[in-house]
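Source file: final.pdb. Holds: PDB, C-alpha atoms.
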MODEL        1
ATOM      1  CA  MET A 310     -79.447-164.172 -33.280
ATOM      2  CA  LYS A 311     -81.115-163.549 -29.975
ATOM      3  CA  GLU A 312     -81.916-159.994 -29.119
ATOM      4  CA  THR A 313     -81.805-159.001 -25.485
ATOM      5  CA  THR A 314     -84.437-156.545 -24.354
ATOM      6  CA  ASP A 315     -83.624-152.889 -24.268
ATOM      7  CA  LYS A 316     -82.295-151.754 -20.930
ATOM      8  CA  LEU A 317     -83.012-148.300 -19.698
ATOM      9  CA  PHE A 318     -81.482-147.322 -16.429
ATOM     10  CA  ILE A 319     -80.514-144.323 -14.449
ATOM     11  CA  TYR A 320     -77.610-144.485 -12.112
ATOM     12  CA  ASN A 321     -75.467-142.418  -9.858
ATOM     13  CA  HIS A 322     -71.867-143.303  -9.871
ATOM     14  CA  TRP A 323     -68.431-141.994  -9.204
ATOM     15  CA  SER A 324     -66.694-140.644 -12.225
ATOM     16  CA  LYS A 325     -64.604-143.218 -14.043
ATOM     17  CA  SER A 326     -62.946-140.534 -16.064
ATOM     18  CA  GLN A 327     -59.613-140.110 -14.351
ATOM     19  CA  LYS A 328     -57.814-140.232 -17.634
ATOM     20  CA  PHE A 329     -59.689-137.165 -18.758
ATOM     21  CA  GLY A 330     -58.184-135.307 -15.829
ATOM     22  CA  ILE A 331     -61.256-135.240 -13.639
ATOM     23  CA  MET A 332     -59.860-136.244 -10.294
ATOM     24  CA  GLU A 333     -62.571-135.169  -7.923
ATOM     25  CA  LYS A 334     -65.429-137.443  -7.062
ATOM     26  CA  ARG A 335     -68.752-136.308  -8.308
ATOM     27  CA  ASN A 336     -72.209-137.618  -8.788
ATOM     28  CA  ILE A 337     -73.177-138.197 -12.320
ATOM     29  CA  ARG A 338     -76.662-138.911 -13.345
ATOM     30  CA  SER A 339     -76.621-140.648 -16.657
ATOM     31  CA  ILE A 340     -79.334-142.119 -18.698
ATOM     32  CA  CYS A 341     -78.064-144.971 -20.766
ATOM     33  CA  LEU A 342     -80.014-146.710 -23.429
ATOM     34  CA  ILE A 343     -78.308-149.928 -24.272
ATOM     35  CA  LYS A 344     -79.428-152.352 -26.892
ATOM     36  CA  ARG A 345     -77.243-155.398 -27.213
ATOM     37  CA  LYS A 346     -77.510-158.182 -29.688
ATOM     38  CA  ARG A 347     -75.887-161.399 -28.698
ATOM     39  CA  GLY A 348     -73.296-162.431 -31.179
ATOM     40  CA  ILE A 349     -69.622-163.097 -31.486
ATOM     41  CA  ASN A 350     -67.979-160.521 -29.289
ATOM     42  CA  THR A 351     -65.065-159.756 -31.534
ATOM     43  CA  MET A 352     -67.403-157.985 -33.905
ATOM     44  CA  SER A 353     -69.438-155.974 -31.437
ATOM     45  CA  LEU A 354     -69.407-152.349 -30.453
ATOM     46  CA  GLN A 355     -69.511-150.805 -27.017
ATOM     47  CA  ILE A 356     -70.117-147.136 -26.522
ATOM     48  CA  ARG A 357     -69.595-145.240 -23.274
ATOM     49  CA  LYS A 358     -70.722-141.672 -23.014
ATOM     50  CA  ASP A 359     -70.611-138.972 -20.411
ATOM     51  CA  PHE A 360     -71.069-135.223 -20.274
ATOM     52  CA  ASP A 361     -68.070-133.362 -18.925
ATOM     53  CA  ASN A 362     -69.646-130.483 -17.000
ATOM     54  CA  LYS A 363     -66.355-128.799 -16.237
ATOM     55  CA  ASN A 364     -65.228-128.516 -19.860
ATOM     56  CA  ASN A 365     -68.733-128.442 -21.298
ATOM     57  CA  HIS A 366     -68.409-131.198 -23.864
ATOM     58  CA  TRP A 367     -69.471-134.781 -24.445
ATOM     59  CA  LEU A 368     -67.022-137.608 -23.923
ATOM     60  CA  VAL A 369     -67.652-140.689 -26.017
ATOM     61  CA  GLU A 370     -65.530-143.801 -25.769
ATOM     62  CA  LEU A 371     -65.739-146.347 -28.576
ATOM     63  CA  GLU A 372     -64.688-149.960 -28.198
ATOM     64  CA  GLY A 373     -64.822-152.580 -30.936
ATOM     65  CA  GLU A 374     -65.934-152.256 -34.533
ATOM     66  CA  ILE A 375     -68.224-149.859 -36.355
ATOM     67  CA  ASP A 376     -69.566-151.423 -39.529
ATOM     68  CA  VAL A 377     -72.891-151.851 -41.292
ATOM     69  CA  TYR A 378     -74.104-154.040 -38.431
ATOM     70  CA  THR A 379     -73.133-151.855 -35.476
ATOM     71  CA  ALA A 380     -73.343-148.376 -37.021
ATOM     72  CA  GLY A 381     -76.993-148.068 -36.035
ATOM     73  CA  GLN A 382     -76.005-148.164 -32.381
ATOM     74  CA  LEU A 383     -73.663-145.240 -32.870
ATOM     75  CA  LYS A 384     -76.335-143.316 -34.725
ATOM     76  CA  GLU A 385     -78.747-143.754 -31.826
ATOM     77  CA  VAL A 386     -76.175-142.570 -29.304
ATOM     78  CA  PHE A 387     -75.392-139.445 -31.328
ATOM     79  CA  LYS A 388     -79.074-138.750 -31.836
ATOM     80  CA  PHE A 389     -79.576-138.952 -28.092
ATOM     81  CA  ILE A 390     -76.634-136.812 -26.988
ATOM     82  CA  ILE A 391     -77.093-134.157 -29.668
ATOM     83  CA  GLY A 392     -80.748-134.006 -28.720
ATOM     84  CA  GLU A 393     -79.734-133.471 -25.073
ATOM     85  CA  LYS A 394     -77.061-130.822 -25.568
ATOM     86  CA  LYS A 395     -75.431-129.524 -28.719
ATOM     87  CA  GLU A 396     -71.846-129.271 -27.524
ATOM     88  CA  ASP A 397     -68.489-130.507 -28.810
ATOM     89  CA  ILE A 398     -68.152-134.271 -28.875
ATOM     90  CA  LYS A 399     -64.767-135.664 -27.886
ATOM     91  CA  ILE A 400     -64.338-139.231 -29.058
ATOM     92  CA  ASP A 401     -61.717-141.501 -27.527
ATOM     93  CA  ALA A 402     -60.891-143.981 -30.280
ATOM     94  CA  ASP A 403     -58.180-145.851 -28.392
ATOM     95  CA  LYS A 404     -60.184-149.089 -28.409
ATOM     96  CA  LEU A 405     -61.810-148.552 -31.795
ATOM     97  CA  GLU A 406     -60.501-151.424 -33.871
ATOM     98  CA  TYR A 407     -62.353-150.942 -37.130
ATOM     99  CA  ILE A 408     -64.442-148.372 -38.959
ATOM    100  CA  ASP A 409     -65.571-148.041 -42.576
ATOM    101  CA  SER A 410     -67.796-145.772 -44.640
ATOM    102  CA  THR A 411     -70.916-146.728 -42.688
ATOM    103  CA  GLY A 412     -69.372-145.357 -39.495
ATOM    104  CA  LEU A 413     -67.853-142.366 -41.269
ATOM    105  CA  GLY A 414     -71.296-141.505 -42.619
ATOM    106  CA  ILE A 415     -72.700-141.461 -39.089
ATOM    107  CA  LEU A 416     -69.878-139.184 -37.909
ATOM    108  CA  ILE A 417     -70.425-136.823 -40.842
ATOM    109  CA  GLY A 418     -74.147-136.696 -40.121
ATOM    110  CA  ALA A 419     -73.517-135.880 -36.470
ATOM    111  CA  LEU A 420     -70.969-133.206 -37.361
ATOM    112  CA  LYS A 421     -73.420-131.507 -39.710
ATOM    113  CA  ARG A 422     -75.892-131.120 -36.880
ATOM    114  CA  LEU A 423     -73.213-129.865 -34.486
ATOM    115  CA  LYS A 424     -71.921-127.344 -37.008
ATOM    116  CA  GLN A 425     -75.325-125.622 -36.870
ATOM    117  CA  GLU A 426     -74.282-124.505 -33.371
ATOM    118  CA  ASP A 427     -70.628-124.076 -34.363
ATOM    119  CA  LYS A 428     -69.580-127.184 -32.449
ATOM    120  CA  ASP A 429     -67.042-129.832 -33.464
ATOM    121  CA  ILE A 430     -66.170-133.483 -33.254
ATOM    122  CA  ILE A 431     -62.722-134.162 -31.829
ATOM    123  CA  ILE A 432     -61.247-137.637 -32.199
ATOM    124  CA  SER A 433     -58.253-138.726 -30.154
ATOM    125  CA  ASN A 434     -56.003-141.807 -29.770
ATOM    126  CA  ILE A 435     -56.690-143.051 -33.274
ATOM    127  CA  ARG A 436     -55.203-146.373 -34.365
ATOM    128  CA  PRO A 437     -53.145-146.482 -37.596
ATOM    129  CA  ASN A 438     -55.784-148.235 -39.712
ATOM    130  CA  VAL A 439     -58.453-145.732 -38.677
ATOM    131  CA  GLY A 440     -56.056-142.842 -39.231
ATOM    132  CA  LYS A 441     -55.256-144.050 -42.722
ATOM    133  CA  LEU A 442     -58.931-144.186 -43.639
ATOM    134  CA  LEU A 443     -59.574-140.666 -42.329
ATOM    135  CA  LYS A 444     -56.625-139.429 -44.345
ATOM    136  CA  ILE A 445     -57.578-140.979 -47.680
ATOM    137  CA  THR A 446     -61.143-139.719 -47.364
ATOM    138  CA  GLY A 447     -59.955-136.243 -46.408
ATOM    139  CA  LEU A 448     -61.910-136.460 -43.171
ATOM    140  CA  ASP A 449     -58.765-135.757 -41.154
ATOM    141  CA  LYS A 450     -59.360-132.156 -42.204
ATOM    142  CA  VAL A 451     -63.057-132.236 -41.357
ATOM    143  CA  PHE A 452     -62.870-133.633 -37.829
ATOM    144  CA  ILE A 453     -60.357-132.362 -35.304
ATOM    145  CA  ILE A 454     -57.764-135.086 -34.782
ATOM    146  CA  GLU A 455     -55.771-135.157 -31.560
ATOM    147  CA  GLY A 456     -53.076-137.354 -30.115
TER     148      GLY A 456
ATOM    149  CA  MET B1485     -46.471-172.886 -49.440
ATOM    150  CA  ASN B1486     -47.026-173.594 -53.090
ATOM    151  CA  VAL B1487     -49.733-171.369 -54.473
ATOM    152  CA  ASN B1488     -48.600-170.667 -58.019
ATOM    153  CA  GLN B1489     -51.438-172.617 -59.599
ATOM    154  CA  GLY B1490     -53.919-170.213 -58.059
ATOM    155  CA  ASP B1491     -55.768-171.715 -55.120
ATOM    156  CA  GLU B1492     -59.375-170.648 -54.976
ATOM    157  CA  ILE B1493     -61.595-170.180 -51.949
ATOM    158  CA  ARG B1494     -65.296-169.512 -52.361
ATOM    159  CA  LEU B1495     -67.688-168.083 -49.863
ATOM    160  CA  SER B1496     -71.426-167.781 -50.246
ATOM    161  CA  ILE B1497     -72.901-165.630 -47.546
ATOM    162  CA  PRO B1498     -76.365-164.378 -46.551
ATOM    163  CA  ASN B1499     -76.734-160.696 -47.316
ATOM    164  CA  LYS B1500     -77.307-159.689 -43.725
ATOM    165  CA  PRO B1501     -75.220-157.075 -41.939
ATOM    166  CA  GLU B1502     -74.278-159.384 -39.078
ATOM    167  CA  TYR B1503     -72.128-161.547 -41.354
ATOM    168  CA  VAL B1504     -69.869-158.827 -42.720
ATOM    169  CA  GLY B1505     -67.696-159.200 -39.636
ATOM    170  CA  VAL B1506     -67.361-162.902 -40.438
ATOM    171  CA  VAL B1507     -66.166-162.011 -43.931
ATOM    172  CA  ARG B1508     -63.553-159.670 -42.449
ATOM    173  CA  LEU B1509     -62.200-162.428 -40.245
ATOM    174  CA  THR B1510     -62.030-164.749 -43.260
ATOM    175  CA  VAL B1511     -60.191-162.143 -45.332
ATOM    176  CA  ALA B1512     -57.712-161.563 -42.523
ATOM    177  CA  ALA B1513     -57.111-165.269 -42.074
ATOM    178  CA  ILE B1514     -56.498-165.910 -45.772
ATOM    179  CA  ALA B1515     -54.313-162.845 -46.258
ATOM    180  CA  SER B1516     -52.280-163.671 -43.196
ATOM    181  CA  ARG B1517     -51.844-167.245 -44.431
ATOM    182  CA  ILE B1518     -50.218-166.131 -47.660
ATOM    183  CA  GLY B1519     -47.995-163.590 -45.980
ATOM    184  CA  PHE B1520     -49.453-160.109 -46.255
ATOM    185  CA  ASP B1521     -48.343-157.570 -43.656
ATOM    186  CA  ILE B1522     -50.720-156.058 -41.142
ATOM    187  CA  GLU B1523     -51.250-152.790 -42.997
ATOM    188  CA  LYS B1524     -52.262-154.560 -46.206
ATOM    189  CA  ILE B1525     -54.508-156.897 -44.261
ATOM    190  CA  GLU B1526     -56.294-153.928 -42.677
ATOM    191  CA  ASP B1527     -56.676-152.343 -46.138
ATOM    192  CA  MET B1528     -58.238-155.533 -47.477
ATOM    193  CA  LYS B1529     -60.615-155.859 -44.539
ATOM    194  CA  ILE B1530     -62.001-152.397 -45.198
ATOM    195  CA  ALA B1531     -62.162-152.821 -48.989
ATOM    196  CA  VAL B1532     -63.957-156.158 -48.806
ATOM    197  CA  SER B1533     -66.350-154.857 -46.136
ATOM    198  CA  GLU B1534     -67.208-151.925 -48.383
ATOM    199  CA  ALA B1535     -67.904-154.326 -51.247
ATOM    200  CA  CYS B1536     -70.111-156.383 -48.912
ATOM    201  CA  ASN B1537     -71.948-153.253 -47.763
ATOM    202  CA  ASN B1538     -72.642-152.572 -51.408
ATOM    203  CA  ALA B1539     -73.924-156.099 -51.990
ATOM    204  CA  ILE B1540     -76.178-155.872 -48.943
ATOM    205  CA  THR B1541     -77.695-152.493 -49.689
ATOM    206  CA  HIS B1542     -78.113-152.922 -53.438
ATOM    207  CA  GLY B1543     -77.718-156.645 -53.684
ATOM    208  CA  CYS B1544     -80.927-158.542 -53.468
ATOM    209  CA  ARG B1545     -83.856-157.324 -55.416
ATOM    210  CA  CYS B1546     -86.020-160.418 -55.261
ATOM    211  CA  CYS B1547     -86.274-161.158 -51.583
ATOM    212  CA  LYS B1548     -84.789-160.215 -48.270
ATOM    213  CA  GLU B1549     -83.211-163.619 -47.703
ATOM    214  CA  GLY B1550     -80.668-163.493 -50.491
ATOM    215  CA  GLU B1551     -76.982-164.148 -50.635
ATOM    216  CA  TYR B1552     -73.882-162.917 -52.370
ATOM    217  CA  ASN B1553     -70.604-164.586 -53.271
ATOM    218  CA  ILE B1554     -67.010-163.857 -52.502
ATOM    219  CA  ASN B1555     -64.180-165.514 -54.366
ATOM    220  CA  PHE B1556     -60.519-165.497 -53.353
ATOM    221  CA  VAL B1557     -57.862-166.482 -55.864
ATOM    222  CA  LEU B1558     -54.396-166.788 -54.368
ATOM    223  CA  THR B1559     -51.160-166.811 -56.323
ATOM    224  CA  GLU B1560     -47.572-166.241 -55.253
ATOM    225  CA  GLU B1561     -47.677-162.602 -56.231
ATOM    226  CA  LYS B1562     -51.186-161.463 -55.423
ATOM    227  CA  ILE B1563     -54.652-162.088 -54.095
ATOM    228  CA  THR B1564     -57.751-161.450 -56.216
ATOM    229  CA  ILE B1565     -60.991-160.965 -54.322
ATOM    230  CA  SER B1566     -64.280-160.807 -56.211
ATOM    231  CA  VAL B1567     -67.550-159.854 -54.566
ATOM    232  CA  CYS B1568     -70.584-160.638 -56.712
ATOM    233  CA  ASP B1569     -74.218-160.031 -56.085
ATOM    234  CA  GLU B1570     -77.296-160.590 -58.194
ATOM    235  CA  GLY B1571     -79.145-157.470 -57.315
ATOM    236  CA  GLU B1572     -80.427-154.521 -59.210
ATOM    237  CA  GLY B1573     -77.021-153.498 -60.540
ATOM    238  CA  CYS B1574     -76.335-149.977 -61.583
ATOM    239  CA  LEU B1575     -75.247-147.803 -64.461
ATOM    240  CA  LEU B1576     -71.503-147.430 -64.027
ATOM    241  CA  GLU B1577     -71.626-143.858 -65.314
ATOM    242  CA  ASN B1578     -73.741-142.952 -62.334
ATOM    243  CA  ILE B1579     -70.981-143.682 -59.838
ATOM    244  CA  LYS B1580     -69.736-140.254 -58.867
ATOM    245  CA  GLU B1581     -66.473-139.256 -57.254
ATOM    246  CA  PRO B1582     -67.057-137.950 -53.748
ATOM    247  CA  ASN B1583     -66.821-134.199 -53.212
ATOM    248  CA  PHE B1584     -64.399-133.687 -50.337
ATOM    249  CA  SER B1585     -65.308-130.109 -49.635
ATOM    250  CA  LYS B1586     -68.867-131.150 -48.909
ATOM    251  CA  PRO B1587     -68.677-134.605 -47.394
ATOM    252  CA  LYS B1588     -71.877-136.544 -47.705
ATOM    253  CA  GLU B1589     -73.091-139.323 -45.525
ATOM    254  CA  GLY B1590     -72.974-141.950 -48.274
ATOM    255  CA  GLY B1591     -71.068-142.664 -51.453
ATOM    256  CA  LEU B1592     -67.587-143.187 -50.073
ATOM    257  CA  GLY B1593     -67.486-146.973 -50.397
ATOM    258  CA  LEU B1594     -66.262-147.410 -53.972
ATOM    259  CA  PHE B1595     -63.787-144.579 -53.629
ATOM    260  CA  ILE B1596     -62.318-146.258 -50.538
ATOM    261  CA  ILE B1597     -62.013-149.597 -52.354
ATOM    262  CA  LYS B1598     -60.129-147.946 -55.225
ATOM    263  CA  SER B1599     -57.827-146.131 -52.819
ATOM    264  CA  LEU B1600     -56.921-149.170 -50.734
ATOM    265  CA  MET B1601     -56.564-151.902 -53.351
ATOM    266  CA  ASP B1602     -53.956-152.047 -56.132
ATOM    267  CA  ASP B1603     -56.337-152.862 -58.979
ATOM    268  CA  VAL B1604     -60.106-152.632 -59.028
ATOM    269  CA  GLU B1605     -62.542-153.697 -61.690
ATOM    270  CA  ILE B1606     -66.267-153.089 -61.407
ATOM    271  CA  LYS B1607     -68.731-154.780 -63.716
ATOM    272  CA  SER B1608     -72.395-154.073 -63.565
ATOM    273  CA  GLU B1609     -75.475-153.766 -65.672
ATOM    274  CA  LYS B1610     -78.844-152.501 -64.647
ATOM    275  CA  GLY B1611     -80.876-155.473 -63.456
ATOM    276  CA  LYS B1612     -78.003-157.921 -63.635
ATOM    277  CA  GLY B1613     -76.141-157.448 -60.396
ATOM    278  CA  MET B1614     -72.659-156.225 -59.712
ATOM    279  CA  MET B1615     -69.169-157.659 -59.499
ATOM    280  CA  ILE B1616     -66.323-155.894 -57.765
ATOM    281  CA  ARG B1617     -62.924-157.473 -58.363
ATOM    282  CA  MET B1618     -60.021-156.278 -56.244
ATOM    283  CA  ILE B1619     -56.350-157.183 -56.421
ATOM    284  CA  LYS B1620     -53.638-156.706 -53.828
ATOM    285  CA  TYR B1621     -50.024-157.534 -54.624
ATOM    286  CA  LEU B1622     -47.806-159.067 -52.030
ATOM    287  CA  GLY B1623     -45.025-156.673 -52.909
ATOM    288  CA  ASP B1624     -41.444-156.655 -51.654
ATOM    289  CA  ASP B1625     -42.158-157.912 -48.192
ATOM    290  CA  ILE B1626     -41.653-161.632 -48.791
TER     291      ILE B1626
ENDMDL
END

Write out the structure in this file as structure tokens.
Amino acid sequence: MKETTDKLFIYNHWSKSQKFGIMEKRNIRSICLIKRKRGINTMSLQIRKDFDNKNNHWLVELEGEIDVYTAGQLKEVFKFIIGEKKEDIKIDADKLEYIDSTGLGILIGALKRLKQEDKDIIISNIRPNVGKLLKITGLDKVFIIEG
Amino acid sequence: MNVNQGDEIRLSIPNKPEYVGVVRLTVAAIASRIGFDIEKIEDMKIAVSEACNNAITHGCRCCKEGEYNINFVLTEEKITISVCDEGEGCLLENIKEPNFSKPKEGGLGLFIIKSLMDDVEIKSEKGKGMMIRMIKYLGDDI
């Protein structure tokens, strides 16, 4: 499969986060490192991240599937954001269609690092299949589950 | 659809991570065809993916360009999915139950398979690969 080159860009943009309750316009300077492999889109993963300055936590939006192929992407994003600021990470899993132990392992690894600073991972808008997996692995007691 | 003789579908797939998604789509298509409901289909997708993850990480000892096999046997009452690799294998006694009070980053795969599927059989010997056979019954839905 073809691999597109890494894109590194810095941009100013209006906040897209109205659903998080941030209504005012603000400038956000974000550094995004995106590595995309061309493949069949139904099996890809897109990750959007932002730091919420008002509430002092990270907002991460997951779209697609996290499996052995895409988990590395998630690991890189967590490595980056935890390296930037060790604050709570709020994950919006509304568009997360699939996750298995490879993704759960990444989440556990990230939580371990956050716990060093007494921070948490909060996951919201979970789909039933994801919820079931968190329950049978007991991880619904390890992460904070909302909504 | 008449499946009581046990239709068999065989898949031989390169042990590369990018194809596990393809396997999931195949599992979903077959399971949907014989009438499983969405929750059971999602269970099977995860269980088979975990078995594939296992085949990929421990599967090919000889070279990087190996493959593993997945077999689907369909009857009126159940589906039997077998994932076989010819890798290093393992000592079955070494497979530990996960410790939920101290979650680790690995080791959940086999536990998840056993939780989501109705019957699971694992056969392995050191140096002779591994076979994970999983059964899901159609149940009362039909």

Practice task
Could you tell me how far atom CA of B:Lys1620 lies from atom CA of B:Ala1535, in Å and to one decimal?
Solution key: 14.7 Å

Restrict the calculation to all atoms listed in the file, then for each residue of chain B with any atom at most 12 Å from an atom of chain A give the closest atom pair and their distance in Å to one decimal, rows by chain and rising residue number, as CSV.
residue,atom,partner,partner_atom,distance
B:Asn1499,CA,A:Val377,CA,11.4
B:Lys1500,CA,A:Tyr378,CA,8.4
B:Pro1501,CA,A:Tyr378,CA,4.8
B:Glu1502,CA,A:Tyr378,CA,5.4
B:Tyr1503,CA,A:Tyr378,CA,8.3
B:Val1504,CA,A:Tyr378,CA,7.7
B:Gly1505,CA,A:Met352,CA,5.9
B:Val1506,CA,A:Met352,CA,8.2
B:Val1507,CA,A:Met352,CA,10.9
B:Arg1508,CA,A:Met352,CA,9.5
B:Leu1509,CA,A:Met352,CA,9.3
B:Ile1522,CA,A:Asn438,CA,9.4
B:Glu1523,CA,A:Asn438,CA,7.2
B:Lys1524,CA,A:Asn438,CA,9.7
B:Ile1525,CA,A:Asn438,CA,9.9
B:Glu1526,CA,A:Asn438,CA,6.4
B:Asp1527,CA,A:Asn438,CA,7.7
B:Met1528,CA,A:Asn438,CA,10.9
B:Lys1529,CA,A:Tyr407,CA,9.1
B:Ile1530,CA,A:Asp409,CA,6.2
B:Ala1531,CA,A:Asp409,CA,8.7
B:Val1532,CA,A:Asp409,CA,10.4
B:Ser1533,CA,A:Asp409,CA,7.7
B:Glu1534,CA,A:Asp409,CA,7.2
B:Ala1535,CA,A:Ser410,CA,10.8
B:Cys1536,CA,A:Val377,CA,9.3
B:Asn1537,CA,A:Val377,CA,6.7
B:Asn1538,CA,A:Val377,CA,10.1
B:Ala1539,CA,A:Val377,CA,11.6
B:Ile1540,CA,A:Val377,CA,9.2
B:Thr1541,CA,A:Val377,CA,9.7
B:Glu1581,CA,A:Thr446,CA,11.2
B:Pro1582,CA,A:Thr446,CA,8.9
B:Asn1583,CA,A:Thr446,CA,9.8
B:Phe1584,CA,A:Gly447,CA,6.5
B:Ser1585,CA,A:Gly447,CA,8.8
B:Lys1586,CA,A:Val451,CA,9.6
B:Pro1587,CA,A:Ile417,CA,7.1
B:Lys1588,CA,A:Ile417,CA,7.0
B:Glu1589,CA,A:Gly414,CA,4.1
B:Gly1590,CA,A:Gly414,CA,5.9
B:Gly1591,CA,A:Ser410,CA,8.2
B:Leu1592,CA,A:Ser410,CA,6.0
B:Gly1593,CA,A:Ser410,CA,5.9
B:Leu1594,CA,A:Ser410,CA,9.6
B:Phe1595,CA,A:Thr446,CA,8.4
B:Ile1596,CA,A:Thr446,CA,7.4
B:Ile1597,CA,A:Ser410,CA,10.4
B:Lys1598,CA,A:Ile445,CA,10.6
B:Ser1599,CA,A:Ile445,CA,7.3
B:Leu1600,CA,A:Ile445,CA,8.8

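Atom CA of B:Ile1616 is positioned 8.1 Å from atom CA of B:Ile1565.
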
Practice task
Can you turn the PyMOL selection byres ((chain B and resi 1496) around 10) into a concrete residue list for this file, as a list of chain:residue names?
Solution key: B:Arg1494, B:Leu1495, B:Ile1497, B:Pro1498, B:Asn1499, B:Glu1551, B:Tyr1552, B:Asn1553, B:Ile1554, B:Asn1555, B:Val1567, B:Cys1568

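Here atom CA of A:Gln425 stands at a distance of 19.1 Å from atom CA of A:Glu385.
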
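Residues lying within 8 Å of stretch 354-365 of chain A, counting only C-alpha atoms and ignoring same-chain neighbours fewer than 6 positions away, are A:Ser339, A:Leu371, A:Glu372, A:Gly373, A:Glu374, A:Ile375, A:Thr379, A:Leu383, A:Glu396, A:Asp397.
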
Exercise on stretch 1549-1557 of chain B, axis-aligned box with 8 Å per side, report centre and edge lengths in Å to one decimal, as AutoDock Vina command-line options:
--center_x -70.5 --center_y -164.7 --center_z -51.8 --size_x 41.3 --size_y 19.6 --size_z 24.2

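Excluding B:Glu1605 itself and same-chain residues fewer than 3 positions from it, the residues having an atom within 10 Å of it are Ser1566, Lys1598, Met1615, Ile1616, Arg1617, Met1618 and Ile1619 of chain B, counting only C-alpha atoms.
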